[in-house]
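What follows is entry10.cif (mmCIF, C-alpha atoms).
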data_query
#
loop_
_atom_site.label_atom_id
_atom_site.label_comp_id
_atom_site.auth_asym_id
_atom_site.auth_seq_id
_atom_site.Cartn_x
_atom_site.Cartn_y
_atom_site.Cartn_z
CA MET A 140 78.67 167.62 63.22
CA LEU A 141 77.71 170.23 65.73
CA VAL A 142 78.89 173.55 66.76
CA LEU A 143 79.49 173.54 70.48
CA ALA A 144 79.27 177.13 71.40
CA LEU A 145 76.73 178.05 73.55
CA GLY A 146 76.26 179.31 76.45
CA LEU A 147 73.77 180.04 79.16
CA THR A 148 72.44 178.04 81.99
CA THR A 149 69.43 178.57 84.18
CA PHE A 150 71.55 177.27 87.08
CA GLY A 151 72.72 179.48 89.91
CA ALA A 152 69.49 181.31 90.60
CA GLY A 153 70.92 182.13 94.00
CA CYS A 154 67.63 182.65 95.79
CA SER A 155 68.98 181.77 99.21
CA ASP A 156 70.72 184.07 101.63
CA THR A 157 74.00 182.11 101.54
CA ARG A 158 76.59 181.74 98.82
CA GLU A 159 75.67 178.41 97.27
CA SER A 160 76.73 176.40 94.29
CA ALA A 161 74.27 176.27 91.42
CA ALA A 162 73.22 172.71 92.09
CA GLU A 163 72.68 173.50 95.77
CA ALA A 164 70.60 176.55 94.89
CA ASP A 165 68.42 174.35 92.68
CA GLY A 166 68.03 171.82 95.49
CA THR A 167 69.75 169.06 93.52
CA GLU A 168 72.76 166.85 93.99
CA PRO A 169 75.66 166.94 91.54
CA LEU A 170 74.82 164.66 88.63
CA GLY A 171 78.24 163.02 88.65
CA ILE A 172 77.96 161.33 92.05
CA GLY A 173 78.47 157.57 91.75
CA ASN A 174 78.68 155.94 88.36
CA GLU A 175 78.63 157.63 84.98
CA VAL A 176 75.35 159.38 84.22
CA THR A 177 73.82 160.27 80.87
CA VAL A 178 71.81 163.48 80.58
CA PRO A 179 69.41 163.74 77.61
CA ILE A 180 69.45 166.95 75.58
CA ALA A 181 66.26 168.34 74.04
CA ALA A 182 65.87 167.79 70.30
CA ALA A 183 66.47 170.74 67.99
CA GLN A 184 64.56 171.86 64.90
CA VAL A 185 66.50 173.46 62.05
CA ASN A 186 65.11 175.91 59.51
CA VAL A 187 67.15 177.33 56.63
CA VAL A 188 66.50 181.05 56.15
CA ASP A 189 68.99 181.62 53.31
CA SER A 190 70.90 178.90 51.45
CA GLY A 191 73.82 181.21 50.70
CA SER A 192 75.84 181.54 47.52
CA GLU A 193 77.08 178.85 45.15
CA PRO A 194 78.77 176.47 45.44
CA ARG A 195 76.58 174.82 48.05
CA SER A 196 77.17 171.54 49.85
CA LEU A 197 76.02 169.56 52.87
CA LEU A 198 77.93 170.48 56.00
CA ARG A 199 78.96 167.13 57.40
CA PRO A 200 81.89 165.80 59.44
CA SER A 201 84.79 164.24 57.60
CA TYR A 202 86.63 162.82 60.63
CA TYR A 203 86.79 159.08 61.27
CA ASP A 204 86.54 156.92 64.38
CA GLY A 205 89.72 157.35 66.36
CA THR A 206 90.33 160.97 65.35
CA ILE A 207 91.96 162.75 68.30
CA GLN A 208 91.81 166.46 69.04
CA ALA A 209 93.36 168.48 71.88
CA VAL A 210 91.23 171.51 72.74
CA THR A 211 90.59 173.78 75.72
CA LEU A 212 87.16 174.88 76.94
CA ARG A 213 86.87 178.07 79.00
CA THR A 214 83.73 179.20 80.80
CA ASP A 215 82.93 182.29 82.86
CA HIS A 216 79.49 182.74 84.43
CA HIS A 217 78.43 185.92 86.31
CA ILE A 218 75.24 186.50 88.31
CA GLN A 219 74.42 189.70 90.19
CA GLN A 220 71.23 189.54 92.26
CA GLN A 221 69.13 191.98 94.27
CA ILE A 222 66.06 191.30 96.40
CA ASP A 223 63.90 194.40 96.87
CA ALA A 224 66.17 197.23 98.07
CA GLN A 225 68.74 194.93 99.66
CA GLN A 226 72.39 195.06 98.73
CA VAL A 227 73.31 193.57 95.37
CA ARG A 228 74.94 190.17 95.87
CA ASP A 229 77.28 188.17 93.67
CA PHE A 230 76.42 184.52 92.97
CA SER A 231 78.90 184.09 90.12
CA SER A 232 80.63 180.79 89.41
CA PRO A 233 84.44 180.79 89.26
CA ALA A 234 85.87 180.80 85.73
CA LEU A 235 87.15 177.42 84.57
CA THR A 236 89.79 176.42 82.03
CA ILE A 237 89.35 172.79 80.99
CA PRO A 238 91.96 171.24 78.67
CA MET A 239 90.70 168.01 77.18
CA THR A 240 91.39 165.34 74.63
CA ALA A 241 88.46 164.50 72.35
CA THR A 242 88.34 161.13 70.62
CA ALA A 243 85.72 160.40 67.97
CA ASP A 244 84.05 157.00 68.23
CA SER A 245 80.90 155.24 67.06
CA ASN A 246 78.92 156.74 69.94
CA GLY A 247 79.96 160.34 69.31
CA VAL A 248 82.88 161.99 71.07
CA ALA A 249 84.68 160.73 74.19
CA LEU A 250 86.36 163.41 76.33
CA THR A 251 89.23 163.01 78.77
CA LEU A 252 89.89 166.01 80.99
CA GLY A 253 93.35 167.32 81.77
CA GLU A 254 94.34 169.63 84.63
CA VAL A 255 91.37 171.94 85.21
CA THR A 256 92.30 175.39 86.52
CA THR A 257 90.43 178.30 88.09
CA PRO A 258 91.40 181.56 89.84
CA ASP A 259 89.34 180.52 92.90
CA PRO A 260 91.82 179.00 95.43
CA ALA A 261 89.35 176.69 97.21
CA LEU A 262 87.86 175.35 93.99
CA SER A 263 91.32 175.01 92.47
CA GLU A 264 92.31 172.68 95.30
CA ALA A 265 89.09 170.69 94.93
CA LEU A 266 89.65 170.28 91.19
CA THR A 267 93.03 168.58 91.59
CA ALA A 268 91.25 165.23 91.95
CA ALA A 269 89.29 165.78 88.72
CA ASP A 270 92.33 165.28 86.46
CA GLY A 271 91.56 162.36 84.16
CA SER A 272 87.77 162.62 84.54
CA HIS A 273 85.68 161.62 81.54
CA ALA A 274 82.72 163.02 79.67
CA GLY A 275 81.15 162.35 76.30
CA LEU A 276 78.71 163.57 73.68
CA GLU A 277 76.11 161.50 71.84
CA MET A 278 74.95 162.93 68.52
CA SER A 279 72.16 162.66 65.97
CA GLU A 280 72.72 162.02 62.26
CA LEU A 281 72.68 165.77 61.68
CA GLY A 282 75.27 166.35 64.37
CA GLY A 283 73.05 167.77 67.13
CA ILE A 284 73.89 166.67 70.65
CA THR A 285 71.32 164.20 71.97
CA ALA A 286 72.97 163.38 75.29
CA LEU A 287 75.82 164.43 77.57
CA ARG A 288 77.74 161.76 79.51
CA LEU A 289 79.48 162.74 82.75
CA ALA A 290 81.91 160.59 84.71
CA PRO A 291 84.09 162.56 87.14
CA SER A 292 86.91 160.68 88.85
CA PRO A 293 85.68 158.94 92.04
CA GLU A 294 87.82 161.20 94.24
CA THR A 295 86.31 164.39 92.83
CA SER A 296 84.53 166.44 95.51
CA ASN A 297 80.95 167.69 95.22
CA SER A 298 82.02 171.30 94.65
CA ALA A 299 84.33 170.27 91.81
CA ARG A 300 81.66 168.05 90.25
CA VAL A 301 79.14 170.91 90.31
CA ALA A 302 81.64 173.28 88.68
CA LEU A 303 82.42 170.80 85.89
CA GLU A 304 78.75 170.06 85.29
CA GLN A 305 77.97 173.77 85.00
CA ALA A 306 80.80 174.28 82.54
CA PHE A 307 79.63 171.46 80.28
CA TYR A 308 76.02 172.64 80.44
CA GLN A 309 77.10 176.12 79.49
CA ALA A 310 79.11 174.79 76.55
CA VAL A 311 77.10 171.79 75.42
CA TYR A 312 73.45 172.00 76.37
CA ARG A 313 72.85 174.67 73.75
CA SER A 314 74.06 173.01 70.59
CA ILE A 315 73.93 174.01 66.96
CA THR A 316 72.84 171.43 64.39
CA PHE A 317 73.82 171.79 60.73
CA PRO A 318 70.95 171.98 58.21
CA ASP A 319 69.87 168.94 56.22
CA GLU A 320 70.30 170.67 52.86
CA PRO A 321 73.22 172.12 50.88
CA VAL A 322 74.35 175.61 51.88
CA GLY A 323 77.08 178.02 50.85
CA VAL A 324 78.88 181.05 52.19
CA GLY A 325 76.37 183.57 53.50
CA ALA A 326 73.88 180.86 54.46
CA VAL A 327 71.65 181.51 57.47
CA TRP A 328 69.81 178.86 59.45
CA GLN A 329 67.94 178.86 62.75
CA VAL A 330 68.01 176.21 65.44
CA GLN A 331 65.01 176.10 67.79
CA GLN A 332 65.33 174.20 71.04
CA THR A 333 63.70 173.97 74.47
CA VAL A 334 66.10 174.61 77.32
CA GLY A 335 64.79 172.89 80.44
CA GLY A 336 65.04 174.14 84.00
CA GLY A 337 62.92 175.89 86.61
CA VAL A 338 61.85 178.11 83.72
CA ASP A 339 61.56 176.28 80.40
CA LEU A 340 62.97 178.49 77.65
CA ASP A 341 62.44 178.69 73.90
CA GLN A 342 65.92 179.25 72.50
CA VAL A 343 66.54 180.37 68.94
CA THR A 344 70.11 180.31 67.68
CA THR A 345 70.73 181.94 64.30
CA ALA A 346 73.86 180.66 62.58
CA THR A 347 75.49 182.47 59.66
CA LEU A 348 78.22 180.84 57.56
CA VAL A 349 80.49 183.88 57.28
CA ASP A 350 83.31 182.21 55.35
CA ARG A 351 84.71 178.83 54.38
CA ASP A 352 88.23 177.61 53.64
CA GLY A 353 87.96 173.99 52.56
CA GLY A 354 86.76 172.09 55.59
CA ARG A 355 87.22 175.03 57.92
CA LEU A 356 84.04 177.00 58.65
CA TYR A 357 83.71 180.45 60.22
CA ILE A 358 80.28 180.80 61.78
CA ARG A 359 78.55 183.69 63.54
CA LEU A 360 76.01 182.81 66.24
CA ASP A 361 73.18 184.99 67.58
CA VAL A 362 71.11 183.61 70.45
CA THR A 363 67.82 184.67 72.07
CA GLN A 364 65.88 183.02 74.88
CA THR A 365 62.22 183.49 75.78
CA PRO A 366 60.41 181.85 78.72
CA GLN A 367 57.58 179.50 77.75
CA SER A 368 55.58 180.53 80.80
CA SER A 369 55.05 183.70 82.81
CA ILE A 370 55.62 181.74 86.04
CA TRP A 371 58.79 180.26 87.57
CA ASP A 372 58.16 177.13 89.68
CA LEU A 373 60.74 177.27 92.46
CA PRO A 374 62.76 174.17 93.42
CA ASN A 375 61.58 171.82 96.18
CA ALA A 376 57.94 172.94 95.85
CA ALA A 377 58.87 176.29 97.41
CA GLY A 378 56.16 178.17 95.49
CA THR A 379 56.18 180.28 92.35
CA LEU A 380 57.43 183.63 91.11
CA ASP A 381 55.81 185.76 88.42
CA ILE A 382 58.19 186.55 85.56
CA GLU A 383 57.85 190.30 85.08
CA ASP A 384 60.71 190.71 82.59
CA TYR A 385 63.16 188.31 80.96
CA THR A 386 65.71 189.42 78.39
CA MET A 387 68.54 187.07 77.44
CA GLN A 388 70.51 187.30 74.21
CA GLY A 389 74.03 187.16 72.90
CA SER A 390 76.37 186.55 70.00
CA GLY A 391 79.80 185.36 69.01
CA GLU A 392 81.84 183.57 66.36
CA ILE A 393 83.37 180.13 66.26
CA THR A 394 85.64 178.23 63.90
CA VAL A 395 84.84 174.63 63.06
CA ASP A 396 87.08 172.16 61.23
CA LEU A 397 84.99 169.41 59.63
CA GLY A 398 87.93 167.05 60.10
CA LEU A 399 87.82 167.45 63.90
CA PRO A 400 85.05 166.66 66.39
CA LEU A 401 85.03 169.94 68.39
CA PRO A 402 85.35 173.64 67.55
CA VAL A 403 88.96 174.77 67.17
CA ALA A 404 88.44 178.43 68.17
CA GLY A 405 85.84 181.01 69.01
CA SER A 406 83.85 182.66 71.77
CA ILE A 407 80.24 183.50 72.52
CA THR A 408 78.84 185.76 75.23
CA ILE A 409 75.20 185.67 76.28
CA GLY A 410 73.62 187.87 78.92
CA GLY A 411 70.72 189.95 80.04
CA HIS A 412 68.44 190.67 82.95
CA GLN A 413 65.58 188.93 84.73
CA PHE A 414 62.90 190.40 86.98
CA TYR A 415 60.68 188.20 89.16
CA ARG A 416 57.92 189.04 91.67
CA ASN A 417 56.58 186.91 94.51
CA PRO A 418 52.76 186.99 94.11
CA ARG A 419 52.23 186.31 97.83
CA ASN A 420 54.14 189.24 99.29
CA ALA A 421 55.24 191.36 96.27
CA THR A 422 58.93 190.69 96.98
CA GLU A 423 61.00 191.54 93.89
CA LEU A 424 64.01 189.62 92.64
CA ARG A 425 66.30 191.10 89.98
CA GLN A 426 69.22 189.34 88.31
CA VAL A 427 71.83 190.42 85.79
CA ILE A 428 73.54 187.46 84.11
CA GLU A 429 76.42 187.07 81.66
CA THR A 430 78.07 183.87 80.46
CA ASN A 431 81.06 183.48 78.18
CA VAL A 432 82.11 180.19 76.56
CA SER A 433 85.23 179.95 74.42
CA TRP A 434 87.25 177.27 72.63
CA GLY A 435 90.90 177.29 71.70
CA ASP A 436 94.32 175.71 72.11
#

Give the structure from this file in structure tokens form.
Amino acid sequence: MLVLALGLTTFGAGCSDTRESAAEADGTEPLGIGNEVTVPIAAAQVNVVDSGSEPRSLLRPSYYDGTIQAVTLRTDHHIQQQIDAQQVRDFSSPALTIPMTATADSNGVALTLGEVTTPDPALSEALTAADGSHAGLEMSELGGITALRLAPSPETSNSARVALEQAFYQAVYRSITFPDEPVGVGAVWQVQQTVGGGVDLDQVTTATLVDRDGGRLYIRLDVTQTPQSSIWDLPNAAGTLDIEDYTMQGSGEITVDLGLPLPVAGSITIGGHQFYRNPRNATELRQVIETNVSWGD
């Protein structure tokens, strides 16, 4: 069983002078073009800091194959960028509301998307063809996500595919795995994971079991990210940038029902600032980023 809460992508760097989608800015094509694709997710390591109070038990799913859950995912991703003393520019992604039906099966969780909405008129029109698209989650024995499956409807445009992929990365790529030992209320455990991208990140998510009502868990999440290197390799062999400063952190709370495959409620916001310098000409790039991911009816 996992806690899908999590937030932050390294997409949307927005280094060009035009307003691009995240995938375009990274120099990549949308992953969903053609047949279904499966994207591997980096393995996570779990360390229990505090086992919490008695009684303690293993946190494990109690749903069975065929369990169906209706849930809505909402994502909102903001990027403000400035190069040297130029005007600050907005490379934010439009907010998305994605109603979906989750069905538990032997491979994990199969997702069928409903009518996806957004306040952006152009993207809203593009997303009309995405109704009925499919996605899925593959999981380890401890409930961590090991892969994300994406299968947009064939008629879905590139811009709509990119938006959906970003939303699922923001919500799924940072996953929380339950510990492999009994815990009780007040328990604290940390999940360490590498987040891949132009800048590989060490992410530490601290989960606290705030309360429990039978199979319903109330969990606080605190997230920090630290670059593994002091250099950002730009897409398409375009050179490198020195990472002068990188601060990304956030928190939130989610509610998990062990009898259902996805969170039933909650929200997490992660944000911070990034400062890069071009070693060839001393050009400076500053970004302020904030991402919110929420689950609900």

Pick out the closest residue to A:Leu348 from this set: A:Val395, A:Ala376, A:Val311, A:Ala241. Count only C-alpha atoms.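 Of all the options, A:Val395 lies closest to A:Leu348.
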
Evaluating the PyMOL selection byres ((chain A and resi 295) around 6) on the displayed file yields which residues, as a list in words? Ala268, Ala269, Ser292, Pro293, Glu294 and Ser296 of chain A

Could those selected residues go to a file with C-alpha atoms, as a compact mmCIF listing (two decimals), in the frame of the given file?
# COMPACT_ATOMS: atom_id res chain seq x y z
CA ALA A 268 91.25 165.23 91.95
CA ALA A 269 89.29 165.78 88.72
CA SER A 292 86.91 160.68 88.85
CA PRO A 293 85.68 158.94 92.04
CA GLU A 294 87.82 161.20 94.24
CA SER A 296 84.53 166.44 95.51

Contacts of stretch 358-370 of chain A at 8 Å (all atoms listed in the file; same-chain gap of 5+ positions) as a PyMOL selection string: chain A and resi 338-350+379-383+385-395+407+409

Quick one: write out the picked residues with C-alpha atoms as a PDB file, in the frame of the given file?
ATOM      1  CA  VAL A 338      61.850 178.110  83.720  1.00  0.00           C
ATOM      2  CA  ASP A 339      61.560 176.280  80.400  1.00  0.00           C
ATOM      3  CA  LEU A 340      62.970 178.490  77.650  1.00  0.00           C
ATOM      4  CA  ASP A 341      62.440 178.690  73.900  1.00  0.00           C
ATOM      5  CA  GLN A 342      65.920 179.250  72.500  1.00  0.00           C
ATOM      6  CA  VAL A 343      66.540 180.370  68.940  1.00  0.00           C
ATOM      7  CA  THR A 344      70.110 180.310  67.680  1.00  0.00           C
ATOM      8  CA  THR A 345      70.730 181.940  64.300  1.00  0.00           C
ATOM      9  CA  ALA A 346      73.860 180.660  62.580  1.00  0.00           C
ATOM     10  CA  THR A 347      75.490 182.470  59.660  1.00  0.00           C
ATOM     11  CA  LEU A 348      78.220 180.840  57.560  1.00  0.00           C
ATOM     12  CA  VAL A 349      80.490 183.880  57.280  1.00  0.00           C
ATOM     13  CA  ASP A 350      83.310 182.210  55.350  1.00  0.00           C
ATOM     14  CA  THR A 379      56.180 180.280  92.350  1.00  0.00           C
ATOM     15  CA  LEU A 380      57.430 183.630  91.110  1.00  0.00           C
ATOM     16  CA  ASP A 381      55.810 185.760  88.420  1.00  0.00           C
ATOM     17  CA  ILE A 382      58.190 186.550  85.560  1.00  0.00           C
ATOM     18  CA  GLU A 383      57.850 190.300  85.080  1.00  0.00           C
ATOM     19  CA  TYR A 385      63.160 188.310  80.960  1.00  0.00           C
ATOM     20  CA  THR A 386      65.710 189.420  78.390  1.00  0.00           C
ATOM     21  CA  MET A 387      68.540 187.070  77.440  1.00  0.00           C
ATOM     22  CA  GLN A 388      70.510 187.300  74.210  1.00  0.00           C
ATOM     23  CA  GLY A 389      74.030 187.160  72.900  1.00  0.00           C
ATOM     24  CA  SER A 390      76.370 186.550  70.000  1.00  0.00           C
ATOM     25  CA  GLY A 391      79.800 185.360  69.010  1.00  0.00           C
ATOM     26  CA  GLU A 392      81.840 183.570  66.360  1.00  0.00           C
ATOM     27  CA  ILE A 393      83.370 180.130  66.260  1.00  0.00           C
ATOM     28  CA  THR A 394      85.640 178.230  63.900  1.00  0.00           C
ATOM     29  CA  VAL A 395      84.840 174.630  63.060  1.00  0.00           C
ATOM     30  CA  ILE A 407      80.240 183.500  72.520  1.00  0.00           C
ATOM     31  CA  ILE A 409      75.200 185.670  76.280  1.00  0.00           C
TER      32      ILE A 409
END

Who sits within 9 Å of A:Ala302, all atoms listed in the file, same chain under 2 positions skipped, as a PDB file with C-alpha atoms, in the coordinates of the input:
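Heads up, here's the output in selection.pdb:
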ATOM      1  CA  SER A 160      76.730 176.400  94.290  1.00  0.00           C
ATOM      2  CA  ALA A 161      74.270 176.270  91.420  1.00  0.00           C
ATOM      3  CA  SER A 232      80.630 180.790  89.410  1.00  0.00           C
ATOM      4  CA  PRO A 233      84.440 180.790  89.260  1.00  0.00           C
ATOM      5  CA  LEU A 235      87.150 177.420  84.570  1.00  0.00           C
ATOM      6  CA  LEU A 262      87.860 175.350  93.990  1.00  0.00           C
ATOM      7  CA  LEU A 266      89.650 170.280  91.190  1.00  0.00           C
ATOM      8  CA  ASN A 297      80.950 167.690  95.220  1.00  0.00           C
ATOM      9  CA  SER A 298      82.020 171.300  94.650  1.00  0.00           C
ATOM     10  CA  ALA A 299      84.330 170.270  91.810  1.00  0.00           C
ATOM     11  CA  ARG A 300      81.660 168.050  90.250  1.00  0.00           C
ATOM     12  CA  GLU A 304      78.750 170.060  85.290  1.00  0.00           C
ATOM     13  CA  GLN A 305      77.970 173.770  85.000  1.00  0.00           C
ATOM     14  CA  ALA A 306      80.800 174.280  82.540  1.00  0.00           C
ATOM     15  CA  PHE A 307      79.630 171.460  80.280  1.00  0.00           C
TER      16      PHE A 307
END

Give as a VMD selection string the residues that the PyMOL selection byres ((chain A and resi 248) around 12) matches when applied to the coordinates above. chain A and resid 140 to 141 202 to 208 239 to 247 249 to 251 273 to 279 282 284 to 288 399 to 401

Interatomic distance between atom CA of A:Gly405 and atom CA of A:Pro194?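 Rounded to one decimal, the two atoms are 25.0 Å apart.
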
Taking the point (67.9, 175.3, 65.1) as given in the file, collect each protein or nucleic acid residue that comes within 6 Å of it, counting only C-alpha atoms, and present the set as an MDAnalysis selection string. chainID A and resid 183:185 329:331

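Distance-wise, atom CA of A:Gly410 and atom CA of A:Gln426 end up 10.5 Å apart.
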
Top pick for closest residue to A:Trp371, considering A:Gly323, A:Gly337, A:Pro238, A:Gly353 and counting all atoms listed in the file: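 Closest candidate: A:Gly337.
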
Which residues are close to A:Asp229, i.e. within 10 Å by only C-alpha atoms, leaving aside same-chain residues fewer than 2 positions away? Reply as number ranges by chain. A: 153, 158, 217-221, 226-227, 231-232, 426-427

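Across the model, the gap from atom CA of A:Arg213 to atom CA of A:Gly435 is 8.4 Å.
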
Reconstruct N, CA and C atoms of stretch 293-319 of chain A; output as a PDB file, keeping the file's coordinate frame.
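Result file follows (rebuild-v4.pdb):
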ATOM      1  N   PRO A 293      86.345 159.242  90.759  1.00  0.00           N
ATOM      2  CA  PRO A 293      85.680 158.940  92.040  1.00  0.00           C
ATOM      3  C   PRO A 293      86.100 159.856  93.178  1.00  0.00           C
ATOM      4  N   GLU A 294      87.325 160.360  93.139  1.00  0.00           N
ATOM      5  CA  GLU A 294      87.820 161.200  94.240  1.00  0.00           C
ATOM      6  C   GLU A 294      87.367 162.654  94.126  1.00  0.00           C
ATOM      7  N   THR A 295      86.706 162.997  93.045  1.00  0.00           N
ATOM      8  CA  THR A 295      86.310 164.390  92.830  1.00  0.00           C
ATOM      9  C   THR A 295      85.248 164.809  93.853  1.00  0.00           C
ATOM     10  N   SER A 296      85.455 165.949  94.502  1.00  0.00           N
ATOM     11  CA  SER A 296      84.530 166.440  95.510  1.00  0.00           C
ATOM     12  C   SER A 296      83.246 166.976  94.877  1.00  0.00           C
ATOM     13  N   ASN A 297      82.221 167.173  95.726  1.00  0.00           N
ATOM     14  CA  ASN A 297      80.950 167.690  95.220  1.00  0.00           C
ATOM     15  C   ASN A 297      81.107 169.059  94.575  1.00  0.00           C
ATOM     16  N   SER A 298      81.874 169.950  95.203  1.00  0.00           N
ATOM     17  CA  SER A 298      82.020 171.300  94.650  1.00  0.00           C
ATOM     18  C   SER A 298      82.687 171.271  93.280  1.00  0.00           C
ATOM     19  N   ALA A 299      83.664 170.385  93.106  1.00  0.00           N
ATOM     20  CA  ALA A 299      84.330 170.270  91.810  1.00  0.00           C
ATOM     21  C   ALA A 299      83.405 169.658  90.773  1.00  0.00           C
ATOM     22  N   ARG A 300      82.614 168.673  91.182  1.00  0.00           N
ATOM     23  CA  ARG A 300      81.660 168.050  90.250  1.00  0.00           C
ATOM     24  C   ARG A 300      80.654 169.085  89.752  1.00  0.00           C
ATOM     25  N   VAL A 301      80.120 169.886  90.683  1.00  0.00           N
ATOM     26  CA  VAL A 301      79.140 170.910  90.310  1.00  0.00           C
ATOM     27  C   VAL A 301      79.748 171.882  89.303  1.00  0.00           C
ATOM     28  N   ALA A 302      80.983 172.319  89.570  1.00  0.00           N
ATOM     29  CA  ALA A 302      81.640 173.280  88.680  1.00  0.00           C
ATOM     30  C   ALA A 302      81.818 172.699  87.278  1.00  0.00           C
ATOM     31  N   LEU A 303      82.241 171.440  87.199  1.00  0.00           N
ATOM     32  CA  LEU A 303      82.420 170.800  85.890  1.00  0.00           C
ATOM     33  C   LEU A 303      81.098 170.640  85.173  1.00  0.00           C
ATOM     34  N   GLU A 304      80.063 170.245  85.906  1.00  0.00           N
ATOM     35  CA  GLU A 304      78.750 170.060  85.290  1.00  0.00           C
ATOM     36  C   GLU A 304      78.232 171.389  84.728  1.00  0.00           C
ATOM     37  N   GLN A 305      78.382 172.469  85.493  1.00  0.00           N
ATOM     38  CA  GLN A 305      77.970 173.770  85.000  1.00  0.00           C
ATOM     39  C   GLN A 305      78.703 174.139  83.717  1.00  0.00           C
ATOM     40  N   ALA A 306      80.007 173.915  83.710  1.00  0.00           N
ATOM     41  CA  ALA A 306      80.800 174.280  82.540  1.00  0.00           C
ATOM     42  C   ALA A 306      80.332 173.536  81.303  1.00  0.00           C
ATOM     43  N   PHE A 307      80.070 172.232  81.454  1.00  0.00           N
ATOM     44  CA  PHE A 307      79.630 171.460  80.280  1.00  0.00           C
ATOM     45  C   PHE A 307      78.219 171.842  79.864  1.00  0.00           C
ATOM     46  N   TYR A 308      77.342 172.162  80.820  1.00  0.00           N
ATOM     47  CA  TYR A 308      76.020 172.640  80.440  1.00  0.00           C
ATOM     48  C   TYR A 308      76.119 173.945  79.678  1.00  0.00           C
ATOM     49  N   GLN A 309      76.951 174.837  80.159  1.00  0.00           N
ATOM     50  CA  GLN A 309      77.100 176.120  79.490  1.00  0.00           C
ATOM     51  C   GLN A 309      77.613 175.949  78.066  1.00  0.00           C
ATOM     52  N   ALA A 310      78.496 174.964  77.861  1.00  0.00           N
ATOM     53  CA  ALA A 310      79.110 174.790  76.550  1.00  0.00           C
ATOM     54  C   ALA A 310      78.336 173.849  75.644  1.00  0.00           C
ATOM     55  N   VAL A 311      77.650 172.871  76.223  1.00  0.00           N
ATOM     56  CA  VAL A 311      77.100 171.790  75.420  1.00  0.00           C
ATOM     57  C   VAL A 311      75.588 171.805  75.313  1.00  0.00           C
ATOM     58  N   TYR A 312      74.903 172.177  76.375  1.00  0.00           N
ATOM     59  CA  TYR A 312      73.450 172.000  76.370  1.00  0.00           C
ATOM     60  C   TYR A 312      72.772 172.803  75.285  1.00  0.00           C
ATOM     61  N   ARG A 313      73.361 173.914  74.893  1.00  0.00           N
ATOM     62  CA  ARG A 313      72.850 174.670  73.750  1.00  0.00           C
ATOM     63  C   ARG A 313      73.716 174.354  72.552  1.00  0.00           C
ATOM     64  N   SER A 314      73.244 173.466  71.720  1.00  0.00           N
ATOM     65  CA  SER A 314      74.060 173.010  70.590  1.00  0.00           C
ATOM     66  C   SER A 314      73.475 173.482  69.276  1.00  0.00           C
ATOM     67  N   ILE A 315      74.344 173.602  68.307  1.00  0.00           N
ATOM     68  CA  ILE A 315      73.930 174.010  66.960  1.00  0.00           C
ATOM     69  C   ILE A 315      73.998 172.797  66.040  1.00  0.00           C
ATOM     70  N   THR A 316      72.896 172.530  65.350  1.00  0.00           N
ATOM     71  CA  THR A 316      72.840 171.430  64.390  1.00  0.00           C
ATOM     72  C   THR A 316      72.947 172.001  62.978  1.00  0.00           C
ATOM     73  N   PHE A 317      73.727 171.342  62.121  1.00  0.00           N
ATOM     74  CA  PHE A 317      73.820 171.790  60.730  1.00  0.00           C
ATOM     75  C   PHE A 317      72.536 171.459  59.987  1.00  0.00           C
ATOM     76  N   PRO A 318      72.184 172.229  58.964  1.00  0.00           N
ATOM     77  CA  PRO A 318      70.950 171.980  58.210  1.00  0.00           C
ATOM     78  C   PRO A 318      71.065 170.739  57.339  1.00  0.00           C
ATOM     79  N   ASP A 319      69.918 170.152  57.035  1.00  0.00           N
ATOM     80  CA  ASP A 319      69.870 168.940  56.220  1.00  0.00           C
ATOM     81  C   ASP A 319      69.644 169.283  54.755  1.00  0.00           C
TER      82      ASP A 319
END
